[in-house]
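> So that we are looking at the same thing, I have put the structure below in structure tokens.
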Amino acid sequence: MFVGLRGNLAFALELRAVRLLALVQVGVAIAVSTVVFQTVTANWILTPSIMGLDALYLFCQTALVFVFGGLGFASLDPRLKFFGEVALMTTLTLALLLPMLRRRFDIGLLLLTGVVLGVLFRSLSTLLARLIDPNEFAVVQAASFADFNAVRSDLLAVGLVLTSIGAVIAWRTRHTLDILALGADSAVGLGVNRSRTVAALLLLVAALVAVSTALVGPVTFLGLLVVALAERIVNSRRHPLLLPAAALTAIIVLVGGQMLLQHGLGGVSTLGVVIEFVGGAVFLVMLLAAGKR
Amino acid sequence: MIEIEQVSLRYRDAKILQDVNLTLPKGGLTALIGPNGAGKSSLLSLIARLQPLQSGRIRVDGLPVDTTPSRQLARTLAILRQDAGVASRLRVRELVGFGRFPHNGGRIDDADRALIDKALRQFELEEFADRFLDTLSGGQRQRALVAMTFCQGTGYMLLDEPLNNLDMFFARQLMRHLRAAVEQQNRTVIVVLHDVNHAAVYADRIVAMKAGRIVADGAPADVLRPDVLADVFGYAIEVTEVAGKPFVLHHL
């Protein structure tokens, strides 16, 4: 926050504080949602993006540009857009979950539906992108990558509150999450009402992803990286350790990445690109290290 | 007391259980025997509400298993499944400690710690207590799972083929621990066994199942007879007597 500070102090600090808080909020939301999602699906290489939420977000952006044009898109009320997107993404998850709850709960089916919907939204986005003006397509492109520079402080406050609530709920269920990680039968045997808990947790994941995506754009890949890193660092999958560790790792990666970007690379690229590059490199190193043992 | 009334179960056209009626009084060790696919595991998982009940009624200690809150049942009844793989990367002590979850909601206090240590000692797991489960052998992992089930401290324990992966020493030791739990703590144990000779020595009662029905039910000496066994398992089996207990020569 204070590296290379110059010029109007108050202005620079406010700008940076907003950006820092946005990074922290997104880091916590992504880390917590990925940990919970991986535990609930009993799969350590998934991220919530498989539910098709970011594809829905991209589709929304493309559809809005298609309907209103690039200028109309830019002049949309950001508050309306933010709440609309959060509501839409949470509703999609609810619509996916409710039919499952009435009959037998099947996570595999849920994920498959999410994947299919994700493909549908992506294809629709591509279709619309072909139909719109190339100049307006540039607007869509800009909106499809996570952007921490244009975060509005009033929406950030809402995002912070929602993310804090989500993080507190996840923290309070940390012991139940440990039990869920044992597997379906063991969890029921130990007295967890599995289908209800899993549905509530998936909704929590969706809300967290929705808030952070609507605020800055899709960054779900980050979750895989920080959870894997955090698990290495604390050498455990117990949630009382893993949840805070993953959140901290996410904040460090995001803030560190942003600093590197601004002061090392001169702001030539977006943070999303830097994180995917560093994340890919770290992942390869981890794979090689695992191969040696 | 476990009361099972008119319980049936089917997957599409396959009838897994047909009109099963069984009452098991409190206390005592009951062995469920029968060939593969007889419905033993399904019956056990229905009692432990791991599957929804399709028809019929099951009550444990007067609690209907389909409507009682799961947490309350978990303080009454513990189950160990035969394929209880643990997906998570855990230490043995952590796994055994999860047995206390229905009582403490995850906050382990000194009383819990004493019970965990006791279970670790009972199944000779102390030297592995801080090892990760995925670094253990199948038998050691099985003992850790059994220790967790004991640690749950419930009046009723259901175990599905708990002797899987165990060597002779630990198989005998587990049966003796189950016997001790019945005699000293008045716990009720239901165990699915493939080795009928373990059932002959340690069970108070044997329930034999075949094709989703109960075909024999009684004391070991009444069930482990050549005619009954031939009916259940489908081949002629000789039975002798060793140390006053039936000894089934099923391998000859």
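In the structure tokens, chains take letters A, B, ... by order of appearance, with residues numbered from 1 within each chain and ligands from 1 in the order shown.
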Give the strand (DSSP E or B) residues of region 67-237 of chain B, as DSSP finds them on the backbone, and put them as an MDAnalysis selection string.
chainID B and resid 77:80 91 132 156:160 188:192 205:210 213:218
> Once you count only C-alpha atoms, what closest atom pair and distance in Å to one decimal does each residue of chain A within 8 Å of chain B have, with rows by chain and rising residue number, as CSV?

residue,atom,partner,partner_atom,distance
A:Ala42,CA,B:Ala87,CA,7.1
A:His175,CA,B:Gly106,CA,5.1
A:Thr176,CA,B:Gly106,CA,7.5
A:Ile179,CA,B:Phe98,CA,7.1
A:Ala181,CA,B:Ser88,CA,5.8
A:Leu182,CA,B:Val86,CA,5.3
A:Gly183,CA,B:Ala87,CA,6.4
A:Asp185,CA,B:Leu50,CA,6.2
A:Ser186,CA,B:Ala84,CA,7.3
A:Val188,CA,B:Leu50,CA,6.4
A:Gly189,CA,B:Ile79,CA,6.0
A:Leu190,CA,B:Ala74,CA,5.3
A:Gly191,CA,B:Arg71,CA,3.9
A:Val192,CA,B:Ser70,CA,6.2
A:Asn193,CA,B:Ser70,CA,6.0
A:Ser236,CA,B:Arg89,CA,6.6
A:Arg237,CA,B:Arg89,CA,6.1
A:Arg238,CA,B:Leu90,CA,7.8
> Output N, CA and C atoms of each residue in that selection to a file, as an mmCIF file, in the first residue's frame.

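Output file result24.cif is given in full below:
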data_model
loop_
_atom_site.group_PDB
_atom_site.id
_atom_site.type_symbol
_atom_site.label_atom_id
_atom_site.label_comp_id
_atom_site.auth_asym_id
_atom_site.auth_seq_id
_atom_site.Cartn_x
_atom_site.Cartn_y
_atom_site.Cartn_z
ATOM 1 N N ALA A 42 -15.924 -33.630 -2.304
ATOM 2 C CA ALA A 42 -14.887 -34.644 -2.054
ATOM 3 C C ALA A 42 -13.931 -34.759 -3.231
ATOM 4 N N HIS A 175 -16.082 -27.514 11.947
ATOM 5 C CA HIS A 175 -16.026 -28.898 12.453
ATOM 6 C C HIS A 175 -16.917 -29.813 11.626
ATOM 7 N N THR A 176 -18.079 -29.300 11.242
ATOM 8 C CA THR A 176 -18.963 -30.095 10.391
ATOM 9 C C THR A 176 -18.299 -30.370 9.044
ATOM 10 N N ILE A 179 -16.128 -33.299 9.270
ATOM 11 C CA ILE A 179 -16.887 -34.549 9.268
ATOM 12 C C ILE A 179 -17.351 -34.880 7.855
ATOM 13 N N ALA A 181 -15.863 -34.208 5.197
ATOM 14 C CA ALA A 181 -14.711 -34.653 4.409
ATOM 15 C C ALA A 181 -14.451 -36.144 4.584
ATOM 16 N N LEU A 182 -15.027 -36.757 5.628
ATOM 17 C CA LEU A 182 -14.812 -38.186 5.847
ATOM 18 C C LEU A 182 -15.540 -39.032 4.815
ATOM 19 N N GLY A 183 -16.512 -38.474 4.147
ATOM 20 C CA GLY A 183 -17.306 -39.239 3.184
ATOM 21 C C GLY A 183 -18.759 -39.286 3.623
ATOM 22 N N ASP A 185 -21.179 -41.682 4.057
ATOM 23 C CA ASP A 185 -21.684 -42.593 5.073
ATOM 24 C C ASP A 185 -21.181 -42.239 6.466
ATOM 25 N N SER A 186 -19.889 -41.943 6.555
ATOM 26 C CA SER A 186 -19.345 -41.592 7.864
ATOM 27 C C SER A 186 -19.989 -40.329 8.396
ATOM 28 N N VAL A 188 -23.042 -39.158 7.817
ATOM 29 C CA VAL A 188 -24.390 -39.451 8.312
ATOM 30 C C VAL A 188 -24.288 -40.243 9.614
ATOM 31 N N GLY A 189 -23.381 -41.205 9.642
ATOM 32 C CA GLY A 189 -23.208 -42.011 10.850
ATOM 33 C C GLY A 189 -22.844 -41.171 12.053
ATOM 34 N N LEU A 190 -22.138 -40.059 11.824
ATOM 35 C CA LEU A 190 -21.745 -39.190 12.933
ATOM 36 C C LEU A 190 -22.767 -38.080 13.160
ATOM 37 N N GLY A 191 -23.915 -38.189 12.506
ATOM 38 C CA GLY A 191 -25.025 -37.315 12.870
ATOM 39 C C GLY A 191 -25.103 -36.010 12.109
ATOM 40 N N VAL A 192 -24.500 -35.934 10.912
ATOM 41 C CA VAL A 192 -24.659 -34.728 10.100
ATOM 42 C C VAL A 192 -25.827 -34.950 9.148
ATOM 43 N N ASN A 193 -26.769 -33.997 9.123
ATOM 44 C CA ASN A 193 -27.862 -34.078 8.157
ATOM 45 C C ASN A 193 -27.289 -33.671 6.808
ATOM 46 N N SER A 236 -2.270 -30.229 6.410
ATOM 47 C CA SER A 236 -3.477 -30.816 6.989
ATOM 48 C C SER A 236 -4.664 -30.372 6.161
ATOM 49 N N ARG A 237 -5.734 -31.144 6.207
ATOM 50 C CA ARG A 237 -6.967 -30.690 5.573
ATOM 51 C C ARG A 237 -8.025 -30.387 6.613
ATOM 52 N N ARG A 238 -7.612 -30.292 7.887
ATOM 53 C CA ARG A 238 -8.573 -29.919 8.914
ATOM 54 C C ARG A 238 -8.986 -28.471 8.691
#
> Neighbouring residues of Pro48 (chain A) were defined as those with any atom within 8 Å, considering only C-alpha atoms; residues of the same chain fewer than 3 positions away were excluded. Please report them as a ChimeraX atom specification.
/A:33-34,37,51-53,205-206,209,220
> Kindly provide the residues of region 23-58 of chain B that approach region 213-235 of chain B to within 9 Å, each paired with its closest atom pair and their distance in Å to one decimal, based on only C-alpha atoms, listed by chain and increasing number, as a tab-separated table.

residue	atom	partner	partner_atom	distance
B:Ile33	CA	B:Val232	CA	8.9
B:Gly34	CA	B:Val232	CA	6.3
B:Pro35	CA	B:Phe233	CA	5.9
B:Ala38	CA	B:Arg213	CA	7.6
B:Gly39	CA	B:Arg213	CA	7.8
> How about saving the chosen residues, N, CA and C atoms kept, as an mmCIF file, in the first residue's frame?

data_model
loop_
_atom_site.group_PDB
_atom_site.id
_atom_site.type_symbol
_atom_site.label_atom_id
_atom_site.label_comp_id
_atom_site.auth_asym_id
_atom_site.auth_seq_id
_atom_site.Cartn_x
_atom_site.Cartn_y
_atom_site.Cartn_z
ATOM 1 N N ILE B 33 -25.195 -63.454 9.228
ATOM 2 C CA ILE B 33 -24.414 -64.225 8.267
ATOM 3 C C ILE B 33 -25.256 -64.473 7.025
ATOM 4 N N GLY B 34 -24.591 -64.923 5.972
ATOM 5 C CA GLY B 34 -25.302 -65.189 4.730
ATOM 6 C C GLY B 34 -24.383 -64.976 3.546
ATOM 7 N N PRO B 35 -24.780 -65.502 2.380
ATOM 8 C CA PRO B 35 -23.936 -65.359 1.192
ATOM 9 C C PRO B 35 -23.898 -63.924 0.693
ATOM 10 N N ALA B 38 -27.017 -61.149 0.065
ATOM 11 C CA ALA B 38 -28.177 -61.592 0.831
ATOM 12 C C ALA B 38 -28.961 -60.410 1.396
ATOM 13 N N GLY B 39 -28.337 -59.234 1.439
ATOM 14 C CA GLY B 39 -29.015 -58.058 1.980
ATOM 15 C C GLY B 39 -28.564 -57.671 3.379
#
> Compile the contact shell of Val248 (chain B) as an mmCIF file with N, CA and C atoms, in the first residue's frame: residues with an atom at most 7 Å away, counting only C-alpha atoms, same-chain residues fewer than 4 positions apart removed.

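Generated file (result_14.cif):
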data_model
loop_
_atom_site.group_PDB
_atom_site.id
_atom_site.type_symbol
_atom_site.label_atom_id
_atom_site.label_comp_id
_atom_site.auth_asym_id
_atom_site.auth_seq_id
_atom_site.Cartn_x
_atom_site.Cartn_y
_atom_site.Cartn_z
ATOM 1 N N ASN B 197 -17.244 -69.134 12.106
ATOM 2 C CA ASN B 197 -16.671 -69.660 13.346
ATOM 3 C C ASN B 197 -16.433 -68.571 14.385
ATOM 4 N N GLU B 238 -19.839 -79.579 6.679
ATOM 5 C CA GLU B 238 -19.752 -80.393 7.898
ATOM 6 C C GLU B 238 -19.597 -79.489 9.116
ATOM 7 N N VAL B 239 -20.172 -79.884 10.223
ATOM 8 C CA VAL B 239 -20.027 -79.130 11.462
ATOM 9 C C VAL B 239 -19.583 -80.096 12.556
ATOM 10 N N THR B 240 -18.480 -79.755 13.245
ATOM 11 C CA THR B 240 -18.087 -80.560 14.398
ATOM 12 C C THR B 240 -18.178 -79.671 15.628
#
> So that I can check the surroundings of Gln18 (chain B), please list as a PyMOL selection string every protein, DNA and RNA residue that reaches within 8 Å of it, counting only C-alpha atoms and ignoring chain neighbours fewer than 3 positions away.
chain B and resi 6-9+15+212-213
> What's the separation between CA of Ala119 (chain B) and CA of Leu174 (chain B), in Å to one decimal place?
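Between CA of Ala119 (chain B) and CA of Leu174 (chain B) the gap is 12.0 Å.
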> Can you tell me how far CA of Arg232 (chain A) sits from CA of Glu276 (chain A), in Å to one decimal?
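The value is 19.2 Å.
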> Enter the distance from CA of Leu22 (chain B) to CA of Ile2 (chain B), in Å, rounded to one decimal.
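Computing it gives 8.0 Å between the two atoms.
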> What's around region 71-76 of chain A at 12 Å? Count only C-alpha atoms, leave out sequence neighbours fewer than 2 positions away in its own chain, and write the answer as a list in words.
Cys60, Gln61, Thr62, Ala63, Leu64, Val65, Phe66, Val67, Phe68, Gly69, Pro78, Arg79, Leu80, Lys81, Phe82, Gly84, Asn135, Glu136, Phe137, Ala138, Val139, Val140, Ala142 and Ala143 of chain A
> Using only C-alpha atoms, determine which residues lie at most 10 Å from Thr197 (chain A), disregarding the query and same-chain residues fewer than 6 positions distant; provide the list as a ChimeraX atom specification.
/A:40,173,176-177,180,203
> Limited to N, CA, C and O atoms, could you put the picked residues into a file as a PDB file, in the first residue's frame?

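The file below, again.pdb, is the result:
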ATOM      1  N   VAL A  40     -17.147 -30.414   0.009  1.00  0.00           N
ATOM      2  CA  VAL A  40     -18.501 -30.888  -0.246  1.00  0.00           C
ATOM      3  C   VAL A  40     -18.523 -31.882  -1.411  1.00  0.00           C
ATOM      4  O   VAL A  40     -19.245 -32.876  -1.389  1.00  0.00           O
ATOM      5  N   THR A 173     -19.015 -23.504  10.696  1.00  0.00           N
ATOM      6  CA  THR A 173     -19.276 -24.896  10.315  1.00  0.00           C
ATOM      7  C   THR A 173     -17.972 -25.663  10.116  1.00  0.00           C
ATOM      8  O   THR A 173     -17.985 -26.741   9.540  1.00  0.00           O
ATOM      9  N   THR A 176     -18.079 -29.300  11.242  1.00  0.00           N
ATOM     10  CA  THR A 176     -18.963 -30.095  10.391  1.00  0.00           C
ATOM     11  C   THR A 176     -18.299 -30.370   9.044  1.00  0.00           C
ATOM     12  O   THR A 176     -18.450 -31.456   8.480  1.00  0.00           O
ATOM     13  N   LEU A 177     -17.551 -29.397   8.541  1.00  0.00           N
ATOM     14  CA  LEU A 177     -16.845 -29.598   7.276  1.00  0.00           C
ATOM     15  C   LEU A 177     -15.826 -30.733   7.404  1.00  0.00           C
ATOM     16  O   LEU A 177     -15.665 -31.542   6.493  1.00  0.00           O
ATOM     17  N   LEU A 180     -17.804 -33.859   7.117  1.00  0.00           N
ATOM     18  CA  LEU A 180     -18.240 -34.098   5.735  1.00  0.00           C
ATOM     19  C   LEU A 180     -17.101 -34.651   4.892  1.00  0.00           C
ATOM     20  O   LEU A 180     -17.319 -35.469   3.994  1.00  0.00           O
ATOM     21  N   LEU A 203     -24.927 -23.305  -1.488  1.00  0.00           N
ATOM     22  CA  LEU A 203     -25.518 -21.983  -1.656  1.00  0.00           C
ATOM     23  C   LEU A 203     -24.557 -20.904  -1.157  1.00  0.00           C
ATOM     24  O   LEU A 203     -24.392 -19.849  -1.782  1.00  0.00           O
TER      25      LEU A 203
END
> Identify all residues of region 142-243 of chain B in helix (DSSP H, G or I) (DSSP on the backbone) and supply them as JSON, numbers by chain.
{"B": [142, 143, 144, 145, 146, 147, 148, 149, 150, 151, 168, 169, 170, 171, 172, 173, 174, 175, 176, 177, 178, 179, 180, 181, 182, 183, 184, 185, 196, 197, 198, 199, 200, 201, 202, 220, 221, 222, 223, 226, 227, 228, 229, 230, 231, 232, 233]}
